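Asks: Take a look at protein_1.cif, mmCIF, C-alpha atoms:
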```
data_upload
loop_
_atom_site.label_atom_id
_atom_site.label_comp_id
_atom_site.auth_asym_id
_atom_site.auth_seq_id
_atom_site.Cartn_x
_atom_site.Cartn_y
_atom_site.Cartn_z
CA MET A 20 27.76 -34.96 36.63
CA THR A 21 25.64 -38.14 36.76
CA ALA A 22 22.43 -38.00 34.73
CA ASP A 23 19.16 -38.25 36.61
CA PRO A 24 17.80 -41.79 35.98
CA ALA A 25 14.25 -40.41 35.92
CA ASP A 26 15.17 -37.90 33.20
CA ASP A 27 16.97 -40.61 31.24
CA THR A 28 13.92 -42.89 31.38
CA ARG A 29 11.65 -40.06 30.32
CA THR A 30 13.89 -39.28 27.33
CA ARG A 31 13.94 -42.95 26.31
CA ILE A 32 10.15 -43.11 26.50
CA LEU A 33 9.79 -40.03 24.31
CA ARG A 34 12.26 -41.38 21.77
CA ALA A 35 10.50 -44.73 21.56
CA ALA A 36 7.09 -43.07 21.35
CA LEU A 37 8.22 -40.89 18.45
CA ASP A 38 9.61 -43.92 16.61
CA LEU A 39 6.40 -45.90 17.08
CA PHE A 40 4.12 -42.97 16.26
CA ALA A 41 6.11 -42.46 13.05
CA GLU A 42 5.90 -46.17 12.17
CA HIS A 43 2.29 -46.94 13.09
CA GLY A 44 0.58 -43.62 13.77
CA TYR A 45 -0.51 -42.20 17.09
CA GLN A 46 -3.89 -43.92 17.19
CA ARG A 47 -2.49 -47.40 16.50
CA THR A 48 0.31 -47.15 19.06
CA SER A 49 -0.46 -48.22 22.62
CA LEU A 50 1.38 -47.51 25.85
CA ARG A 51 1.91 -51.26 26.12
CA GLN A 52 3.83 -51.27 22.81
CA ILE A 53 6.02 -48.42 23.99
CA GLY A 54 6.72 -50.28 27.22
CA GLU A 55 7.55 -53.50 25.39
CA ARG A 56 10.08 -51.73 23.18
CA LEU A 57 11.82 -50.36 26.27
CA ARG A 58 11.20 -53.42 28.50
CA LEU A 59 9.20 -51.25 30.86
CA THR A 60 5.78 -51.89 32.34
CA LYS A 61 2.78 -49.79 31.41
CA THR A 62 2.77 -48.56 35.01
CA ALA A 63 6.32 -47.25 34.53
CA ILE A 64 5.21 -45.34 31.43
CA LEU A 65 2.22 -43.88 33.27
CA TYR A 66 4.50 -42.70 36.08
CA HIS A 67 6.15 -40.27 33.66
CA PHE A 68 3.18 -39.64 31.35
CA PRO A 69 -0.26 -40.11 32.97
CA ALA A 70 -1.94 -40.39 29.56
CA LYS A 71 -0.87 -40.97 25.95
CA GLU A 72 -1.91 -37.40 25.11
CA HIS A 73 0.84 -36.19 27.44
CA LEU A 74 3.37 -37.99 25.26
CA LEU A 75 2.11 -36.15 22.20
CA ALA A 76 2.24 -32.80 23.98
CA ALA A 77 5.79 -33.45 25.22
CA LEU A 78 6.98 -34.37 21.72
CA ILE A 79 5.53 -31.17 20.22
CA GLU A 80 6.61 -28.87 23.06
CA PRO A 81 10.19 -28.18 21.77
CA LEU A 82 8.78 -27.15 18.36
CA LEU A 83 6.25 -24.77 19.92
CA ALA A 84 8.80 -23.31 22.32
CA ASP A 85 11.29 -22.63 19.52
CA LEU A 86 8.61 -20.90 17.41
CA GLU A 87 7.53 -18.74 20.35
CA ARG A 88 11.13 -17.68 21.02
CA LEU A 89 11.54 -16.81 17.34
CA LEU A 90 8.45 -14.59 17.34
CA ASP A 91 9.52 -12.92 20.59
CA ALA A 92 12.89 -12.08 19.03
CA ALA A 93 11.27 -10.60 15.90
CA GLN A 94 8.57 -8.67 17.73
CA GLY A 95 10.51 -5.46 18.28
CA GLN A 96 12.28 -5.36 14.91
CA PRO A 97 11.41 -3.05 11.99
CA THR A 98 8.78 -4.54 9.68
CA ASP A 99 11.08 -5.70 6.87
CA GLN A 100 13.65 -7.18 9.24
CA ALA A 101 10.97 -8.87 11.36
CA ARG A 102 9.37 -10.40 8.25
CA TRP A 103 12.54 -12.15 7.11
CA THR A 104 13.65 -13.00 10.63
CA VAL A 105 10.39 -14.92 11.03
CA LEU A 106 10.48 -16.58 7.60
CA GLU A 107 14.09 -17.74 7.69
CA GLY A 108 13.85 -18.74 11.36
CA TRP A 109 10.59 -20.58 10.68
CA VAL A 110 12.24 -22.70 7.96
CA ASP A 111 15.19 -23.50 10.21
CA ILE A 112 12.94 -24.55 13.10
CA MET A 113 10.75 -26.71 10.87
CA LEU A 114 13.85 -28.46 9.54
CA ALA A 115 15.21 -28.97 13.05
CA HIS A 116 11.96 -30.72 14.03
CA ARG A 117 11.29 -32.70 10.87
CA ARG A 118 10.27 -35.94 12.59
CA PRO A 119 7.76 -34.53 15.10
CA LEU A 120 6.38 -32.31 12.35
CA GLY A 121 5.80 -35.31 10.11
CA MET A 122 4.02 -37.09 12.95
CA LEU A 123 1.91 -34.00 13.60
CA PHE A 124 0.97 -33.75 9.92
CA HIS A 125 -0.28 -37.34 9.79
CA ASP A 126 -2.25 -37.01 13.05
CA ILE A 127 -3.24 -33.35 12.80
CA ALA A 128 -6.69 -33.95 14.35
CA LEU A 129 -5.00 -34.85 17.63
CA VAL A 130 -3.69 -31.33 18.05
CA GLY A 131 -7.20 -30.23 18.96
CA ARG A 132 -6.79 -31.87 22.34
CA GLY A 133 -5.69 -29.74 25.26
CA ASP A 134 -3.88 -26.43 24.89
CA THR A 135 -1.62 -27.45 22.00
CA TYR A 136 -4.10 -26.40 19.32
CA HIS A 137 -4.62 -22.97 20.88
CA ARG A 138 -0.87 -22.39 21.17
CA LEU A 139 -0.42 -23.32 17.51
CA MET A 140 -3.15 -20.91 16.47
CA VAL A 141 -1.64 -18.07 18.51
CA ILE A 142 1.80 -18.78 17.02
CA ALA A 143 0.40 -18.85 13.48
CA MET A 144 -1.53 -15.59 13.93
CA ARG A 145 1.50 -13.83 15.42
CA ALA A 146 3.65 -15.01 12.52
CA ASN A 147 1.07 -13.87 9.98
CA ASP A 148 0.91 -10.41 11.56
CA LEU A 149 4.69 -9.99 11.63
CA ILE A 150 5.08 -11.10 8.02
CA ALA A 151 2.22 -8.96 6.69
CA GLY A 152 3.27 -5.89 8.68
CA PRO A 153 1.11 -3.21 10.27
CA ASP A 154 -1.82 -1.80 8.29
CA ALA A 155 -1.53 -4.60 5.72
CA GLY A 156 -4.31 -5.00 3.19
CA ARG A 157 -6.20 -8.19 2.50
CA GLY A 158 -3.89 -9.27 -0.32
CA GLU A 159 -0.80 -8.80 1.85
CA ARG A 160 -2.38 -10.75 4.70
CA VAL A 161 -3.26 -13.58 2.31
CA ARG A 162 0.33 -13.73 1.05
CA ALA A 163 1.57 -13.78 4.66
CA VAL A 164 -0.52 -16.88 5.36
CA GLN A 165 0.73 -18.45 2.12
CA ALA A 166 4.31 -17.63 3.12
CA VAL A 167 4.00 -19.53 6.42
CA ALA A 168 2.64 -22.54 4.53
CA ALA A 169 5.52 -22.26 2.04
CA CYS A 170 7.94 -22.39 4.98
CA SER A 171 6.30 -25.47 6.50
CA ASP A 172 4.45 -27.83 4.15
CA PRO A 173 7.34 -28.89 1.85
CA ILE A 174 9.13 -30.47 4.82
CA VAL A 175 6.55 -33.24 5.18
CA PHE A 176 6.26 -33.83 1.42
CA PHE A 177 9.98 -33.94 0.55
CA THR A 178 11.33 -36.22 3.25
CA ASP A 179 14.09 -37.51 0.96
CA VAL A 180 15.57 -34.04 0.31
CA SER A 181 18.45 -32.86 2.48
CA ASP A 182 18.00 -29.96 4.91
CA GLU A 183 20.42 -27.73 3.00
CA VAL A 184 18.80 -28.22 -0.40
CA LEU A 185 15.25 -28.00 0.90
CA ARG A 186 16.02 -24.85 2.87
CA ALA A 187 17.35 -23.10 -0.24
CA ASP A 188 14.32 -24.17 -2.31
CA MET A 189 11.81 -23.09 0.34
CA LEU A 190 13.35 -19.66 0.86
CA ASP A 191 13.60 -19.15 -2.90
CA GLY A 192 9.91 -19.97 -3.20
CA VAL A 193 8.82 -17.61 -0.45
CA ARG A 194 10.94 -14.80 -1.92
CA ARG A 195 9.19 -15.29 -5.25
CA LEU A 196 5.84 -15.11 -3.47
CA LEU A 197 6.56 -11.94 -1.53
CA VAL A 198 8.98 -10.08 -3.80
CA THR A 199 7.70 -10.82 -7.30
CA PRO A 200 4.66 -8.68 -8.22
CA PRO A 201 1.43 -10.57 -8.91
CA PRO A 202 0.52 -10.92 -12.62
CA THR A 203 -1.93 -8.46 -14.05
CA HIS A 204 -4.77 -9.49 -16.36
CA ALA A 205 -5.49 -5.99 -17.59
CA ALA A 206 -5.24 -5.20 -21.29
CA PRO A 207 -1.71 -4.21 -22.42
CA THR A 208 -0.94 -0.51 -22.36
CA ASP A 209 1.93 1.49 -23.78
CA ALA A 210 3.77 1.04 -20.50
CA THR A 211 3.33 -2.73 -20.34
CA SER A 212 4.17 -3.22 -24.00
CA THR A 213 7.59 -1.68 -23.39
CA GLY A 214 8.31 -3.95 -20.42
CA ALA A 215 7.43 -1.52 -17.61
CA THR A 216 6.10 -2.99 -14.38
CA SER A 217 2.58 -2.01 -13.42
CA THR A 218 2.35 0.36 -10.47
CA SER A 219 -0.67 -1.55 -9.21
CA ALA A 220 1.57 -4.37 -8.03
CA THR A 221 2.35 -4.02 -4.33
CA PRO A 222 4.72 -6.83 -3.36
CA MET A 223 6.16 -6.99 0.12
CA ASP A 224 9.73 -5.82 0.50
CA GLY A 225 12.47 -8.36 -0.14
CA PRO A 226 14.84 -9.64 2.56
CA PRO A 227 17.51 -7.25 3.88
CA THR A 228 20.12 -9.31 2.04
CA ASP A 229 18.85 -8.37 -1.43
CA ALA A 230 21.73 -7.40 -3.69
CA ALA A 231 20.12 -4.07 -4.55
CA ALA A 232 19.88 -3.14 -0.87
CA VAL A 233 23.42 -4.28 -0.08
CA LEU A 234 25.03 -2.54 -3.03
CA GLY A 235 22.90 0.56 -2.96
CA GLY A 236 21.64 -0.39 -6.41
CA PRO A 237 18.64 0.99 -8.26
CA PRO A 238 15.53 1.43 -6.10
CA THR A 239 13.35 -0.05 -8.82
CA ALA A 240 13.42 -3.50 -7.24
CA THR A 241 11.76 -2.37 -4.02
CA GLY A 242 11.17 1.33 -3.78
CA GLY A 243 10.41 3.34 -0.68
CA GLY A 244 7.60 2.01 1.46
CA GLY A 245 7.77 -1.43 -0.14
CA ARG A 246 6.25 -0.32 -3.47
CA ARG A 247 7.74 -1.39 -6.77
CA ARG A 248 8.49 1.59 -9.00
CA PRO A 249 7.50 1.40 -12.65
CA GLY A 250 10.10 0.60 -15.26
CA ARG A 251 13.31 -1.41 -15.18
CA PRO A 252 16.86 -0.34 -15.96
CA ARG A 253 18.10 -1.76 -19.25
CA ALA A 254 21.62 -2.48 -17.99
CA LEU A 255 23.51 -3.15 -14.79
CA GLY A 256 26.47 -1.32 -13.32
CA ARG A 257 29.77 -3.13 -12.90
CA GLU A 258 29.29 -3.76 -9.16
CA GLN A 259 25.80 -5.10 -9.79
CA VAL A 260 27.04 -7.42 -12.52
CA GLU A 261 29.66 -8.78 -10.13
CA ALA A 262 27.03 -9.25 -7.42
CA ALA A 263 24.73 -11.07 -9.84
CA ARG A 264 27.53 -13.40 -10.88
CA ARG A 265 28.49 -14.10 -7.25
CA MET A 266 24.90 -14.98 -6.33
CA HIS A 267 24.53 -17.19 -9.38
CA GLU A 268 27.83 -19.00 -8.82
CA ALA A 269 27.05 -19.52 -5.14
CA GLY A 270 23.72 -21.10 -6.02
CA THR A 271 21.89 -19.03 -3.40
CA HIS A 272 19.63 -17.20 -5.87
CA SER A 273 17.83 -18.26 -9.00
CA VAL A 274 17.96 -16.05 -12.09
CA ASP A 275 14.42 -14.88 -11.25
CA ALA A 276 15.49 -13.94 -7.73
CA ILE A 277 18.54 -12.05 -9.00
CA ALA A 278 16.42 -10.18 -11.56
CA THR A 279 13.91 -9.23 -8.87
CA ALA A 280 16.64 -8.11 -6.44
CA LEU A 281 18.29 -5.88 -9.05
CA GLY A 282 15.09 -4.64 -10.69
CA VAL A 283 15.87 -5.90 -14.19
CA SER A 284 14.45 -8.49 -16.54
CA ARG A 285 15.61 -12.10 -16.63
CA ALA A 286 17.00 -11.47 -20.12
CA THR A 287 19.23 -8.71 -18.74
CA VAL A 288 20.55 -11.02 -16.04
CA TYR A 289 21.20 -13.84 -18.53
CA ARG A 290 23.00 -11.41 -20.86
CA HIS A 291 25.40 -10.32 -18.13
CA LEU A 292 25.91 -13.86 -16.78
CA THR A 293 26.89 -15.21 -20.20
CA ALA A 294 28.98 -12.22 -21.26
CA PRO A 295 32.75 -12.84 -21.13
#
```
Translate this structure into structure tokens?
Replies:
Amino acid sequence: MTADPADDTRTRILRAALDLFAEHGYQRTSLRQIGERLRLTKTAILYHFPAKEHLLAALIEPLLADLERLLDAAQGQPTDQARWTVLEGWVDIMLAHRRPLGMLFHDIALVGRGDTYHRLMVIAMRANDLIAGPDAGRGERVRAVQAVAACSDPIVFFTDVSDEVLRADMLDGVRRLLVTPPPTHAAPTDATSTGATSTSATPMDGPPTDAAAVLGGPPTATGGGGRRRPGRPRALGREQVEAARRMHEAGTHSVDAIATALGVSRATVYRHLTAP
């Protein structure tokens, strides 16, 4: 099938606009410069995009559409599954649109024009609600907002890091945020002095791929209803030790993440990883 020349010209204009916006910024790039790069007249550019704002909207549209499809897919899932569907999918979409996202970050004020800003706000609020879950308290809603930022902001700050490495780091960070209980500043009690976890901590449930959930391990990592039960087992079963070693060797989980997933201390994980 022969490509439509009009579609091909439109694609070339968008590609050149993205390059120039990335090089000089949106405000300092004119339609004349875009036309000169493509050897097109300004009139030819205006035929496809009646105003420069339309170029910006067209460049951002694939990112918004992918995020909306992600949220639609997660909408009917159980809370825990929806949470991690959104978070992992969000990271993947951000990585897939690294260049437009970087442009958007540097010219964020421009998003306020037209409907783009309102769509972004609706997408962000839907994501926050799915991550926090129904009937979430203030603290859980705050962590949901932080989680979305953790799945977005590093992409524009670590442009020299590969997608694979950055993805692993970002998901590890958001798991620490949502799975690890917040620190307590209360005075030590008998329970805390023996290493027990405070029952006041109410972290969100971990992803469905947690080792404890997969292996049917101890429910101390994330007990029923997403609450962390007090106390940690002092040792791991053979299957759990093997799972911990597999995760560590694969490089998919940090020692902290493994300890959280299995409901034990970091020292316990280190002891089993270094044992012959």
Asks: If you take every atom of range 97-101 of chain A that the file lists and fit an axis-aligned box around them with 8 Å extra on each side, what centre and edge lengths come out in Å to one decimal, as JSON?
Replies:
```
{"center_x": 11.2, "center_y": -6.0, "center_z": 9.4, "size_x": 20.9, "size_y": 21.8, "size_z": 21.1}
```
Asks: Name the closest residue to Phe68 in chain A among the candidates A:Leu90, A:Arg194, A:Thr30, A:Ala101; distances are taken between atoms, counting only C-alpha atoms.
Replies: A:Thr30
Asks: Return as number ranges by chain the set of residues that the PyMOL selection byres ((chain A and resi 161-166) around 12) yields on the displayed structure.
Replies: A: 102-103, 105-107, 109-110, 143-153, 155-160, 167-173, 189-201, 221-223
Asks: I'd like the contact shell of Met113 in chain A - 10 Å cut-off, all atoms listed in the file, skipping same-chain residues fewer than 5 positions apart - returned as an MDAnalysis selection string.
Replies: chainID A and resid 82 85:86 108 118:121 170:175 182 186
Asks: Would you mind exporting C-alpha atoms of the selected residues as a short mmCIF file (atom, residue, chain, number, x, y, z; two decimals), keeping the file's coordinate frame?
Replies:
```
data_model
loop_
_atom_site.label_atom_id
_atom_site.label_comp_id
_atom_site.auth_asym_id
_atom_site.auth_seq_id
_atom_site.Cartn_x
_atom_site.Cartn_y
_atom_site.Cartn_z
CA LEU A 82 8.78 -27.15 18.36
CA ASP A 85 11.29 -22.63 19.52
CA LEU A 86 8.61 -20.90 17.41
CA GLY A 108 13.85 -18.74 11.36
CA ARG A 118 10.27 -35.94 12.59
CA PRO A 119 7.76 -34.53 15.10
CA LEU A 120 6.38 -32.31 12.35
CA GLY A 121 5.80 -35.31 10.11
CA CYS A 170 7.94 -22.39 4.98
CA SER A 171 6.30 -25.47 6.50
CA ASP A 172 4.45 -27.83 4.15
CA PRO A 173 7.34 -28.89 1.85
CA ILE A 174 9.13 -30.47 4.82
CA VAL A 175 6.55 -33.24 5.18
CA ASP A 182 18.00 -29.96 4.91
CA ARG A 186 16.02 -24.85 2.87
#
```
Asks: Would you mind telling me which residue in A:Pro97, A:Asp91, A:Leu75, A:Ala41 lies nearest to Arg117 in chain A when using all atoms listed in the file?
Replies: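 Distance minimum relative to Arg117 in chain A lands on A:Ala41.
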Asks: Would you kindly return, as a ChimeraX atom specification, each protein, DNA or RNA residue with an atom no farther than 8 Å from any atom of Ala35 in chain A, considering all atoms listed in the file and excluding same-chain residues fewer than 5 positions away?
Replies: /A:53,56-57
Asks: Tell me which residues the PyMOL selection byres ((chain A and resi 50) around 8) grabs here, as an MDAnalysis selection string.
Replies: chainID A and resid 48:49 51:54 61 64 71
Asks: If I take CA of Leu78 in chain A and CA of Asp111 in chain A, how far is one from the other in Å, to one decimal?
Replies: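 Pair CA of Leu78 in chain A / CA of Asp111 in chain A returns 17.8 Å.
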Asks: With only C-alpha atoms as the basis for distance, which of A:Asp27, A:Glu55, A:Asp99, A:Glu183 is at the shortest distance from Ala115 in chain A?
Replies: A:Glu183
Asks: Rounded to one decimal in Å, what is the spacing between CA of His291 in chain A and CA of Val260 in chain A?
Replies: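 About the pair CA of His291 in chain A and CA of Val260 in chain A: they are 6.5 Å apart.
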Asks: Which value, in Å to one decimal, gives the distance between CA of Leu139 in chain A and CA of Leu83 in chain A?
Replies: 7.2 Å
Asks: From the list A:Ala276, A:Ala262, A:Val141, A:Ala76, which residue is nearest Ala187 in chain A when using all atoms listed in the file?
Replies: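 Closest to Ala187 in chain A of all the choices is A:Ala276.
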